[in-house]
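Some notes on the structure that comes next.
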Amino acid sequence: LPLVCAPGQEGVELQEELLEEWQELSKVQLPAALVQLLLATERPPAARLSAWFLWATRSPAAAGSPLAEFASHVLPRASASCLRLIPAEEARLPPDALPTLSNMRTQVSAAVEELRAAGAVDGFSLEDLWWAFDMVISRSFSVTVTDPNTGNPAPLAAYVPWACLVNHSPNPNAVFAADLSPDRREFVVVPRLRYTPIEPGFEVCISYGGGLDDRSTLLKYGFVSTGNVNDRLALPAGMAEAAARLKQQAMISAAEAVSERRATAATAESGGPVTSPSSSADLTPAEKERNLVYCALASVLEAAVDWQAARDAEEAAGQAPPATKGFSGGPVPALIKWAKAQAEAYAAPTGPAPPPPAPDAPPPCRPPAEAEAPAGEDLSAAISVLRSERRRIALAIVELMEEYRKQNTA
Ligand SMILES: C[S@@+](CC[C@H](N)C(=O)[O-])C[C@H]1O[C@@H](n2cnc3c(N)ncnc32)[C@H](O)[C@@H]1O
């Protein structure tokens with residue numbers, strides 16, 4: 001079901017047509033309260049899609065429809081996202097994931113209240129409602145199409161059975177698009193490289209969004225890709241200041257040396273090719289090692305740039321710059337010590353310890369106990385992969401700093 005999410009009255013006509021067509025195709029009649037909500041183009045798309053999805057997959061009135069059949073035979077009951085994670089598993093998340101998770105839950109719980117108040121989900125349990133949000137958050141698409149009635153671009157949220165089975169890759173071999181012109185009404189998934197078809201036997205993968213780091217894919221979709229070039233280890237303020245004391249060009253030279261060394265070792269160990277075949281969405285072990293070293297480099301350099309920018313802004317505002325630290329032994333040993341401690345913390349079963357909440361921060365939002373799901377096996381494994389990727393970045397920072405020290409004292 002494609003849902004128009006343009007503000008105001010924009011797109012209502014198209015939405016009405018789409019809802020009529022969906023009902024005809026599915027041989028079902030949506031309840032009036034639900035239709036009213038689905039036509040409210042300004043309401044949050046996730047809430048509208050979740051209410052529809054719950055009704056269309058669980059209501060006795062929709063039993064036997066293609067979507068209900070698809071849901072009962074294909075979709076998981078377990079959580080895909082971290083939305084309904086129980087506290088014991090939540091304690092294994094990195095501290096920087098917790099505010100985002102709390103924010104996601106706050107939005108869902110506000111939407112749940114709103115749906116109940118509107119009578120759009122009467123008769124369903126809280127457990128079912130959170131499940132519907134879970135499915136919609138991890139499996140719906142955002143696309144922009146041309147509204148055939150007005151010619152204006154219309155932002156859409158869509159739930160597309162079967163297409164919702166396509167996995168994500170940071171190096172995708174396919175792209176998707178929607179065409180809602182009356183004679184088409186199509187959602188297509190096509191190879192990304194026009195002259196490089198995806199060979200039989202290769203998995204078709206799309207991108208769920210550029211720049212997704214492993215924390216975001218874990219929270220929203222419940223998986224982590226190894227070797228994701230967007231991953232970072234967050235440096236605390238004191239370490240960001242140490243990073244700002246380093247010579248950036250020398251850091252880049254050190255990263256080149258370390259990544260070359262690691263890539264050569266990974267290729268020798270795997271006996272595999274140096275580059276991936278273009279029809280595959282998989283990275284080779286050597287590419288993953290290179291990405292890892294550049295994640296380590298970017299963690300340090302970006303923290304240095306942010307620290308410097310904050311300091312410049314304070315100076316420009318006429319504030320006295322904060323006293324700088326005198327890192328005993330210099331910034332390099334300080335960073336090495338910190339990165340080693342991070343590697344150790346991520347090797348432990350839980351932690352590292354979350355930062356203390358700000359004095360006026362609201363308590364973190366949790367789903368009601370009724371809607372809490374234990375982490376499925378996949379989710380628990382994904383949290384472990386995230387922890388091990390964080391540990392690997394920390395160790396890559398150690399190696400990078402040691403190489404920097406070697407190159408710059410030689
Ligand atoms: C849009 S659905 C894809 C459907 C999934 N392949 C299936 O058959 O259930 C998104 C879910 O697929 C899984 N997924 C997607 N990309 C993945 C990846 N690169 N690695 C592992 N799991 C992935 C996650 O469970 C995610 O919540």
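Chain lettering (A, B, ...) mirrors the order of the structure tokens, residue numbering begins at 1 for each chain separately, and ligand numbering begins at 1 in order of display.
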Hey, could you make a per-residue contact list for chain A against ligand 1 with 6 Å as the cut-off, showing the nearest pair of atoms and its distance in Å to one decimal, counting only C-alpha atoms and all ligand atoms, sorted by chain and number, as a Markdown table?
| residue | atom | partner | partner_atom_place_in_ligand_line | distance |
| --- | --- | --- | --- | --- |
| A:Ala80 | CA | ligand 1 | 27 (O) | 4.5 |
| A:Ser138 | CA | ligand 1 | 27 (O) | 4.9 |
| A:Arg139 | CA | ligand 1 | 1 (C) | 4.0 |
| A:Cys164 | CA | ligand 1 | 1 (C) | 4.4 |
| A:Leu165 | CA | ligand 1 | 4 (C) | 3.6 |
| A:Val166 | CA | ligand 1 | 3 (C) | 4.8 |
| A:Asn167 | CA | ligand 1 | 16 (N) | 3.5 |
| A:His168 | CA | ligand 1 | 16 (N) | 3.9 |
| A:Ser169 | CA | ligand 1 | 19 (N) | 5.1 |
| A:Tyr221 | CA | ligand 1 | 27 (O) | 3.6 |
| A:Gly222 | CA | ligand 1 | 27 (O) | 5.1 |
| A:Phe223 | CA | ligand 1 | 22 (N) | 4.9 |
| A:Ser225 | CA | ligand 1 | 19 (N) | 5.7 |
Within 12 Å of Gly11 of chain A using only C-alpha atoms, minus same-chain residues under 2 positions, as a ChimeraX atom specification: /A:2-9,13-18,38-42,145-156
File dump, residues just selected, C-alpha atoms, as a PDB file, in the first residue's frame:
ATOM      1  CA  PRO A   2       1.499   3.351  -0.990  1.00  0.00           C
ATOM      2  CA  LEU A   3       0.559   6.192   1.379  1.00  0.00           C
ATOM      3  CA  VAL A   4       0.890   9.786   0.301  1.00  0.00           C
ATOM      4  CA  CYS A   5       2.609  11.914   2.940  1.00  0.00           C
ATOM      5  CA  ALA A   6       2.472  15.396   1.445  1.00  0.00           C
ATOM      6  CA  PRO A   7       1.324  18.077   3.888  1.00  0.00           C
ATOM      7  CA  GLY A   8      -2.260  19.435   3.887  1.00  0.00           C
ATOM      8  CA  GLN A   9      -4.726  18.534   1.176  1.00  0.00           C
ATOM      9  CA  GLU A  13      -7.276  12.551  -4.253  1.00  0.00           C
ATOM     10  CA  LEU A  14      -4.466  10.204  -5.243  1.00  0.00           C
ATOM     11  CA  GLN A  15      -4.632   8.600  -1.808  1.00  0.00           C
ATOM     12  CA  GLU A  16      -8.360   7.978  -2.204  1.00  0.00           C
ATOM     13  CA  GLU A  17      -7.778   6.264  -5.550  1.00  0.00           C
ATOM     14  CA  LEU A  18      -5.011   4.109  -4.128  1.00  0.00           C
ATOM     15  CA  LEU A  38      -5.143   6.843   6.006  1.00  0.00           C
ATOM     16  CA  LEU A  39      -6.422   9.919   4.158  1.00  0.00           C
ATOM     17  CA  ALA A  40      -4.821  12.266   6.709  1.00  0.00           C
ATOM     18  CA  THR A  41      -1.782  12.937   4.519  1.00  0.00           C
ATOM     19  CA  GLU A  42      -0.186  15.155   7.156  1.00  0.00           C
ATOM     20  CA  VAL A 145       6.702   9.784  -7.149  1.00  0.00           C
ATOM     21  CA  THR A 146       4.959  12.218  -9.462  1.00  0.00           C
ATOM     22  CA  ASP A 147       1.319  12.667  -8.478  1.00  0.00           C
ATOM     23  CA  PRO A 148      -0.470  11.816 -11.759  1.00  0.00           C
ATOM     24  CA  ASN A 149      -3.349  14.170 -10.827  1.00  0.00           C
ATOM     25  CA  THR A 150      -1.279  17.292 -10.160  1.00  0.00           C
ATOM     26  CA  GLY A 151       2.137  16.581 -11.725  1.00  0.00           C
ATOM     27  CA  ASN A 152       3.716  17.537  -8.369  1.00  0.00           C
ATOM     28  CA  PRO A 153       6.247  15.343  -6.609  1.00  0.00           C
ATOM     29  CA  ALA A 154       4.559  13.334  -3.845  1.00  0.00           C
ATOM     30  CA  PRO A 155       6.555  11.786  -1.018  1.00  0.00           C
ATOM     31  CA  LEU A 156       5.274   8.289  -0.306  1.00  0.00           C
TER      32      LEU A 156
END
Test item, alpha helix (DSSP H) assignment across segment 104-257 of chain A, answer as JSON, numbers by chain: {"A": [104, 105, 106, 107, 108, 109, 110, 111, 112, 113, 114, 115, 116, 117, 126, 127, 128, 129, 130, 131, 132, 133, 134, 135, 136, 137, 138, 139, 214, 215, 216, 217, 218, 219, 220, 221, 237, 238, 239, 240, 241, 242, 243, 244, 248, 249, 250, 251, 252, 253, 254, 255, 256, 257]}
Exercise: segment 369-372 of chain A partners within 8 Å, only C-alpha atoms, chain neighbours under 6 positions left out, as a PyMOL selection string: chain A and resi 84-86+126-128+130-131
Residue list (strand (DSSP E), DSSP) for segment 54-166 of chain A, as a PyMOL selection string: chain A and resi 141-146+153-158
Nearby residues (only C-alpha atoms) at most 12 Å from Leu98 of chain A, same-chain spacing under 3 positions excluded, as a ChimeraX atom specification: /A:82-83,85,87,89-95,101-105,215-216,218-219,351,353-357,363-366
Surrounding residues of Arg116 of chain A excluding itself and chain neighbours under 2 positions, 12 Å, only C-alpha atoms, as a list of chain:residue names: A:Ala33, A:Leu34, A:Leu37, A:Ala47, A:Ala51, A:Ser109, A:Ala110, A:Ala111, A:Val112, A:Glu113, A:Glu114, A:Ala118, A:Gly119, A:Ala120, A:Val121, A:Asp122, A:Gly123, A:Phe124, A:Ser125, A:Leu126, A:Leu129
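Comparing the minimum interatomic distances between Ile252 of chain A and each of A:Phe202, A:Trp22, A:Tyr404, A:Phe176, counting only C-alpha atoms, we find that A:Tyr404 sits nearest.
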Considering only C-alpha atoms, give me a table of residues in segment 202-267 of chain A that are at most 7 Å from segment 282-301 of chain A, with the closest atom pair and distance in Å for each, as a Markdown table.
| residue | atom | partner | partner_atom | distance |
| --- | --- | --- | --- | --- |
| A:Gly227 | CA | A:Lys288 | CA | 4.2 |
| A:Asn228 | CA | A:Asn291 | CA | 6.7 |
| A:Val229 | CA | A:Asn291 | CA | 5.1 |
| A:Asn230 | CA | A:Cys295 | CA | 6.8 |
| A:Asp231 | CA | A:Cys295 | CA | 5.8 |
| A:Arg232 | CA | A:Ser299 | CA | 5.1 |
| A:Leu233 | CA | A:Ser299 | CA | 5.7 |
| A:Ala234 | CA | A:Ser299 | CA | 6.6 |
| A:Ala243 | CA | A:Val300 | CA | 5.9 |
| A:Ala255 | CA | A:Val293 | CA | 6.5 |
| A:Ser259 | CA | A:Arg290 | CA | 4.9 |
| A:Arg262 | CA | A:Glu289 | CA | 6.0 |
| A:Ala263 | CA | A:Ala286 | CA | 4.2 |
| A:Thr264 | CA | A:Ala286 | CA | 6.9 |
| A:Ala266 | CA | A:Ala286 | CA | 5.2 |
| A:Thr267 | CA | A:Ala286 | CA | 5.6 |
Let me see the file: selected residues, N, CA and C atoms, as a compact mmCIF listing (two decimals), in the first residue's frame.
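Output contents, as saved in selection22.txt:
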# COMPACT_ATOMS: atom_id res chain seq x y z
N GLY A 227 32.37 -4.35 8.09
CA GLY A 227 33.12 -3.56 7.10
C GLY A 227 32.34 -2.36 6.58
N ASN A 228 31.32 -1.90 7.33
CA ASN A 228 30.53 -0.73 6.89
C ASN A 228 31.38 0.53 7.05
N VAL A 229 31.59 1.22 5.94
CA VAL A 229 32.50 2.37 5.94
C VAL A 229 31.93 3.56 6.74
N ASN A 230 30.65 3.51 7.08
CA ASN A 230 30.03 4.62 7.83
C ASN A 230 30.20 4.50 9.35
N ASP A 231 30.76 3.40 9.82
CA ASP A 231 30.86 3.21 11.27
C ASP A 231 31.90 4.13 11.91
N ARG A 232 31.60 4.52 13.12
CA ARG A 232 32.51 5.39 13.88
C ARG A 232 32.54 4.94 15.32
N LEU A 233 33.66 5.26 15.99
CA LEU A 233 33.73 5.12 17.45
C LEU A 233 33.72 6.56 17.97
N ALA A 234 32.77 6.88 18.86
CA ALA A 234 32.66 8.27 19.33
C ALA A 234 33.75 8.58 20.34
N ALA A 243 43.01 14.33 19.67
CA ALA A 243 43.01 14.10 18.22
C ALA A 243 43.33 15.39 17.47
N ALA A 255 47.32 5.71 7.99
CA ALA A 255 46.15 4.88 7.64
C ALA A 255 46.43 4.12 6.34
N SER A 259 46.18 0.15 6.33
CA SER A 259 45.13 -0.51 5.53
C SER A 259 45.76 -1.41 4.48
N ARG A 262 46.86 -4.57 6.29
CA ARG A 262 45.73 -5.43 6.69
C ARG A 262 45.07 -6.06 5.47
N ALA A 263 44.94 -5.29 4.38
CA ALA A 263 44.27 -5.82 3.18
C ALA A 263 45.10 -6.96 2.58
N THR A 264 46.41 -6.79 2.56
CA THR A 264 47.27 -7.84 1.99
C THR A 264 47.16 -9.11 2.83
N ALA A 266 44.63 -9.99 4.72
CA ALA A 266 43.29 -10.59 4.58
C ALA A 266 43.17 -11.34 3.26
N THR A 267 43.76 -10.78 2.20
CA THR A 267 43.68 -11.45 0.89
C THR A 267 44.44 -12.77 0.95
Surrounding residues of Phe187 of chain A excluding itself and chain neighbours under 2 positions, 12 Å, only C-alpha atoms, as an MDAnalysis selection string: chainID A and resid 1:2 141:145 156 158:164 175:181 184:185 189:190
Limited to N, CA and C atoms, could you put the picked residues into a file as a short mmCIF file (atom, residue, chain, number, x, y, z; two decimals), in the first residue's frame?
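So the final result, stored in again31.cif, reads:
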data_model
loop_
_atom_site.label_atom_id
_atom_site.label_comp_id
_atom_site.auth_asym_id
_atom_site.auth_seq_id
_atom_site.Cartn_x
_atom_site.Cartn_y
_atom_site.Cartn_z
N LEU A 1 0.84 -1.19 0.00
CA LEU A 1 0.00 0.00 0.00
C LEU A 1 0.88 1.24 0.00
N PRO A 2 0.76 2.09 -1.04
CA PRO A 2 1.50 3.35 -0.99
C PRO A 2 0.66 4.42 -0.29
N PHE A 141 9.08 1.29 2.58
CA PHE A 141 9.94 2.08 1.70
C PHE A 141 9.52 3.55 1.72
N SER A 142 10.49 4.43 1.55
CA SER A 142 10.18 5.84 1.30
C SER A 142 10.59 6.13 -0.13
N VAL A 143 9.68 6.65 -0.91
CA VAL A 143 9.99 7.00 -2.31
C VAL A 143 9.27 8.29 -2.67
N THR A 144 9.77 8.98 -3.67
CA THR A 144 9.05 10.14 -4.17
C THR A 144 8.55 9.80 -5.56
N VAL A 145 7.27 10.05 -5.82
CA VAL A 145 6.70 9.78 -7.15
C VAL A 145 6.06 11.08 -7.66
N LEU A 156 6.11 9.44 -0.67
CA LEU A 156 5.27 8.29 -0.31
C LEU A 156 5.97 7.42 0.72
N ALA A 158 5.55 3.34 1.55
CA ALA A 158 4.85 2.21 0.95
C ALA A 158 5.24 0.91 1.62
N TYR A 159 4.22 0.05 1.78
CA TYR A 159 4.53 -1.31 2.18
C TYR A 159 4.33 -2.18 0.94
N VAL A 160 5.38 -2.86 0.50
CA VAL A 160 5.32 -3.62 -0.74
C VAL A 160 5.72 -5.07 -0.46
N PRO A 161 4.69 -5.97 -0.33
CA PRO A 161 5.04 -7.37 -0.06
C PRO A 161 5.98 -7.89 -1.15
N TRP A 162 6.79 -8.82 -0.84
CA TRP A 162 7.84 -9.41 -1.69
C TRP A 162 9.02 -8.46 -1.85
N ALA A 163 8.80 -7.22 -2.28
CA ALA A 163 9.94 -6.28 -2.36
C ALA A 163 10.48 -6.06 -0.94
N CYS A 164 9.61 -6.23 0.07
CA CYS A 164 10.04 -6.02 1.45
C CYS A 164 10.96 -7.15 1.92
N VAL A 175 18.68 -1.05 -7.33
CA VAL A 175 17.99 0.15 -6.85
C VAL A 175 16.49 -0.05 -7.02
N PHE A 176 15.68 0.77 -6.35
CA PHE A 176 14.22 0.63 -6.51
C PHE A 176 13.61 1.97 -6.89
N ALA A 177 12.43 1.90 -7.50
CA ALA A 177 11.70 3.11 -7.87
C ALA A 177 10.22 2.77 -7.95
N ALA A 178 9.38 3.80 -7.83
CA ALA A 178 7.93 3.57 -7.94
C ALA A 178 7.37 4.47 -9.03
N ASP A 179 6.36 3.96 -9.74
CA ASP A 179 5.67 4.74 -10.76
C ASP A 179 4.18 4.58 -10.50
N LEU A 180 3.51 5.65 -10.11
CA LEU A 180 2.09 5.54 -9.77
C LEU A 180 1.18 6.07 -10.87
N SER A 181 1.70 6.23 -12.10
CA SER A 181 0.81 6.67 -13.18
C SER A 181 -0.26 5.59 -13.35
N ARG A 184 0.33 2.21 -14.82
CA ARG A 184 1.50 1.46 -14.33
C ARG A 184 1.31 0.95 -12.90
N ARG A 185 1.25 1.87 -11.94
CA ARG A 185 1.15 1.47 -10.52
C ARG A 185 2.21 0.41 -10.21
N VAL A 189 12.45 -3.14 -8.87
CA VAL A 189 13.81 -3.30 -8.33
C VAL A 189 14.67 -3.70 -9.52
N VAL A 190 15.67 -2.89 -9.86
CA VAL A 190 16.48 -3.15 -11.07
C VAL A 190 17.98 -3.10 -10.72
#
Contacts of Ala63 of chain A at 12 Å (only C-alpha atoms; same-chain gap of 5+ positions) as a ChimeraX atom specification: /A:26-29,54-58,68-72
Write the residues you've just listed into a file as a JSON list (two decimals), in the first residue's frame, and include C-alpha atoms for each of them.
[["chain", "number", "residue", "atom", "x", "y", "z"],
["A", 26, "SER", "CA", -7.77, -7.44, -1.76],
["A", 27, "LYS", "CA", -11.56, -7.87, -1.74],
["A", 28, "VAL", "CA", -11.84, -6.22, 1.66],
["A", 29, "GLN", "CA", -13.57, -3.16, 3.11],
["A", 54, "LEU", "CA", -2.22, -4.42, 11.65],
["A", 55, "TRP", "CA", -5.79, -4.42, 10.38],
["A", 56, "ALA", "CA", -4.86, -5.93, 7.00],
["A", 57, "THR", "CA", -2.79, -8.76, 8.48],
["A", 58, "ARG", "CA", -4.68, -9.52, 11.70],
["A", 68, "ALA", "CA", -2.85, -11.56, 5.31],
["A", 69, "GLU", "CA", -1.64, -14.78, 3.66],
["A", 70, "PHE", "CA", 1.77, -13.23, 2.96],
["A", 71, "ALA", "CA", 2.09, -12.07, 6.58],
["A", 72, "SER", "CA", 1.10, -15.38, 8.09]]
One-decimal distance in Å that lies between atom CA of Arg405 of chain A and atom CA of Ala254 of chain A: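 Calculated distance between atom CA of Ala254 of chain A and atom CA of Arg405 of chain A is 8.9 Å.
Distance annotation: of A:Pro172, A:Val224, A:Leu235, A:Ile383, the residue with the minimal separation from Gly209 of chain A is A:Pro172; atom set is only C-alpha atoms.
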Computed interatomic separation between atom CA of Arg390 of chain A and atom CA of Thr106 of chain A (Å): 26.6 Å
Between atom CA of Ala46 of chain A and atom CA of Ser384 of chain A - distance in Å to one decimal: 28.3 Å
